[in-house]
Amino acid sequence: QLQLVESGGGLVQPGGSLRLSCVVSGFSLDFYAIGWFRQAPGKEREGVSCISSGNSGMDYADSVKGRFTISRDNAKNTVYMQMNSLIPEATAVYYCAADGPLLLSTPCVLRSGPFGSWGQGTQVTVSS
């Protein structure tokens, strides 16, 4: 059974940093694309970043490019998202999700539709 568990959220001041972790179990991370999505109160869920199967590529929402970095450690079955220079508009529940199994090097797509397995989410609050 595929499981994803997020952690690392919390309260941070504007300009600060957080690193989110997504630990996966029940499947080989090599053959899955992993995405990070977020949903703020009263807003639709939006894609933030994704990393392709086989670690072949990443994609980011325009609003986070240059500030967020997604990475994966297949040996630890973990995907990370480093978030720097956080702004209040980043306040949301952040979810990781898995799309697969896929052929290696399949590009990830930063849309929620292909992602069939989701974690429970972790709250990120950016406030002074």
# chains A, B, ... in the order shown; residues from 1 in each chain; ligands from 1
$ select_by_dssp --residues "chain A" --states "helix (DSSP H, G or I)" --output "number ranges by chain"
A: 29-31, 53-55, 74-76, 88-90
$ write_last_selection --atoms "N, CA and C atoms" --output "compact mmCIF listing (two decimals), in the first residue's frame"
# COMPACT_ATOMS: atom_id res chain seq x y z
N LEU A 29 10.71 4.42 -4.95
CA LEU A 29 10.68 5.83 -5.33
C LEU A 29 11.25 6.06 -6.73
N ASP A 30 12.12 5.16 -7.18
CA ASP A 30 12.75 5.32 -8.50
C ASP A 30 11.73 5.49 -9.62
N PHE A 31 10.59 4.80 -9.50
CA PHE A 31 9.65 4.72 -10.61
C PHE A 31 8.44 5.62 -10.44
N SER A 53 10.41 10.77 -12.28
CA SER A 53 10.90 9.43 -11.96
C SER A 53 12.36 9.35 -12.38
N GLY A 54 13.15 8.61 -11.62
CA GLY A 54 14.56 8.49 -11.93
C GLY A 54 15.35 9.76 -11.75
N ASN A 55 14.74 10.76 -11.09
CA ASN A 55 15.45 12.01 -10.78
C ASN A 55 15.93 12.71 -12.03
N ASN A 74 16.60 8.55 -2.85
CA ASN A 74 15.92 7.27 -3.03
C ASN A 74 16.31 6.25 -1.97
N ALA A 75 17.54 6.33 -1.48
CA ALA A 75 17.98 5.38 -0.46
C ALA A 75 17.18 5.56 0.83
N LYS A 76 16.73 6.77 1.07
CA LYS A 76 15.94 7.05 2.27
C LYS A 76 14.44 7.12 1.97
N PRO A 88 4.32 35.67 3.13
CA PRO A 88 3.04 35.31 3.75
C PRO A 88 2.10 34.56 2.81
N GLU A 89 2.18 34.86 1.52
CA GLU A 89 1.31 34.19 0.55
C GLU A 89 1.61 32.70 0.41
N ALA A 90 2.69 32.23 0.99
CA ALA A 90 3.03 30.81 0.97
C ALA A 90 2.30 30.03 2.05
$ select_by_dssp --residues "region 4-120 of chain A" --states "strand (DSSP E)" --output "JSON, numbers by chain"
{"A": [4, 5, 6, 7, 10, 11, 12, 18, 19, 20, 21, 22, 23, 24, 25, 33, 34, 35, 36, 37, 38, 39, 46, 47, 48, 49, 50, 51, 58, 59, 60, 68, 69, 70, 71, 72, 73, 78, 79, 80, 81, 82, 83, 92, 93, 94, 95, 96, 97, 98, 99, 117, 118]}
$ write_last_selection --atoms "C-alpha atoms" --output "JSON list (two decimals), in the first residue's frame"
[["chain", "number", "residue", "atom", "x", "y", "z"],
["A", 4, "LEU", "CA", 3.26, 9.29, 1.93],
["A", 5, "VAL", "CA", 3.91, 11.19, 5.15],
["A", 6, "GLU", "CA", 4.84, 14.86, 5.16],
["A", 7, "SER", "CA", 6.69, 16.70, 7.92],
["A", 10, "GLY", "CA", 5.53, 25.13, 11.03],
["A", 11, "LEU", "CA", 5.46, 28.83, 11.74],
["A", 12, "VAL", "CA", 8.17, 30.95, 10.18],
["A", 18, "LEU", "CA", 11.69, 25.63, 5.98],
["A", 19, "ARG", "CA", 12.47, 22.20, 4.63],
["A", 20, "LEU", "CA", 9.58, 19.86, 4.05],
["A", 21, "SER", "CA", 10.08, 16.10, 3.92],
["A", 22, "CYS", "CA", 7.92, 13.45, 2.32],
["A", 23, "VAL", "CA", 8.69, 9.90, 3.41],
["A", 24, "VAL", "CA", 7.20, 7.26, 1.15],
["A", 25, "SER", "CA", 6.59, 3.57, 1.73],
["A", 33, "ALA", "CA", 7.24, 11.19, -9.86],
["A", 34, "ILE", "CA", 6.65, 13.11, -6.66],
["A", 35, "GLY", "CA", 4.90, 16.43, -6.50],
["A", 36, "TRP", "CA", 4.39, 19.06, -3.85],
["A", 37, "PHE", "CA", 1.06, 20.87, -3.84],
["A", 38, "ARG", "CA", -0.43, 23.44, -1.52],
["A", 39, "GLN", "CA", -3.88, 24.69, -0.63],
["A", 46, "GLU", "CA", -2.00, 24.45, -6.75],
["A", 47, "GLY", "CA", 1.12, 22.66, -7.86],
["A", 48, "VAL", "CA", 4.35, 23.94, -6.32],
["A", 49, "SER", "CA", 7.08, 21.60, -7.56],
["A", 50, "CYS", "CA", 7.62, 18.12, -8.88],
["A", 51, "ILE", "CA", 10.50, 15.78, -9.52],
["A", 58, "MET", "CA", 12.19, 19.05, -11.89],
["A", 59, "ASP", "CA", 9.51, 21.62, -12.47],
["A", 60, "TYR", "CA", 8.39, 24.57, -10.40],
["A", 68, "PHE", "CA", 12.18, 26.55, -3.62],
["A", 69, "THR", "CA", 14.24, 23.45, -4.43],
["A", 70, "ILE", "CA", 12.93, 19.91, -4.70],
["A", 71, "SER", "CA", 15.24, 16.92, -4.29],
["A", 72, "ARG", "CA", 15.02, 13.23, -3.56],
["A", 73, "ASP", "CA", 17.04, 10.63, -1.70],
["A", 78, "THR", "CA", 12.35, 10.63, 0.95],
["A", 79, "VAL", "CA", 11.64, 13.70, -1.14],
["A", 80, "TYR", "CA", 12.48, 17.14, 0.19],
["A", 81, "MET", "CA", 11.43, 20.64, -0.65],
["A", 82, "GLN", "CA", 13.67, 23.43, 0.61],
["A", 83, "MET", "CA", 11.73, 26.67, 0.85],
["A", 92, "ALA", "CA", -1.04, 26.85, 3.16],
["A", 93, "VAL", "CA", -1.29, 23.16, 3.83],
["A", 94, "TYR", "CA", 1.40, 21.43, 1.79],
["A", 95, "TYR", "CA", 0.86, 17.97, 0.39],
["A", 96, "CYS", "CA", 3.16, 15.54, -1.35],
["A", 97, "ALA", "CA", 1.77, 13.14, -3.91],
["A", 98, "ALA", "CA", 2.97, 10.26, -6.06],
["A", 99, "ASP", "CA", 2.40, 9.56, -9.75],
["A", 117, "SER", "CA", -1.61, 8.89, -3.93],
["A", 118, "TRP", "CA", -1.48, 11.72, -1.42]]
$ closest_residue --among "A:Ser85, A:Gln3, A:Thr91, A:Gly57" --to "Lys43 (chain A)" --atoms "only C-alpha atoms"
A:Thr91
$ closest_residue --among "A:Leu2, A:Val64, A:Val124, A:Leu86" --to "Tyr32 (chain A)" --atoms "only C-alpha atoms"
A:Leu2
$ atom_distance --atom1 "CA of Gly121 (chain A)" --atom2 "CA of Gly9 (chain A)"
9.0 Å
$ closest_residue --among "A:Thr125, A:Pro14, A:Gly113, A:Asn84" --to "Arg45 (chain A)" --atoms "only C-alpha atoms"
A:Gly113
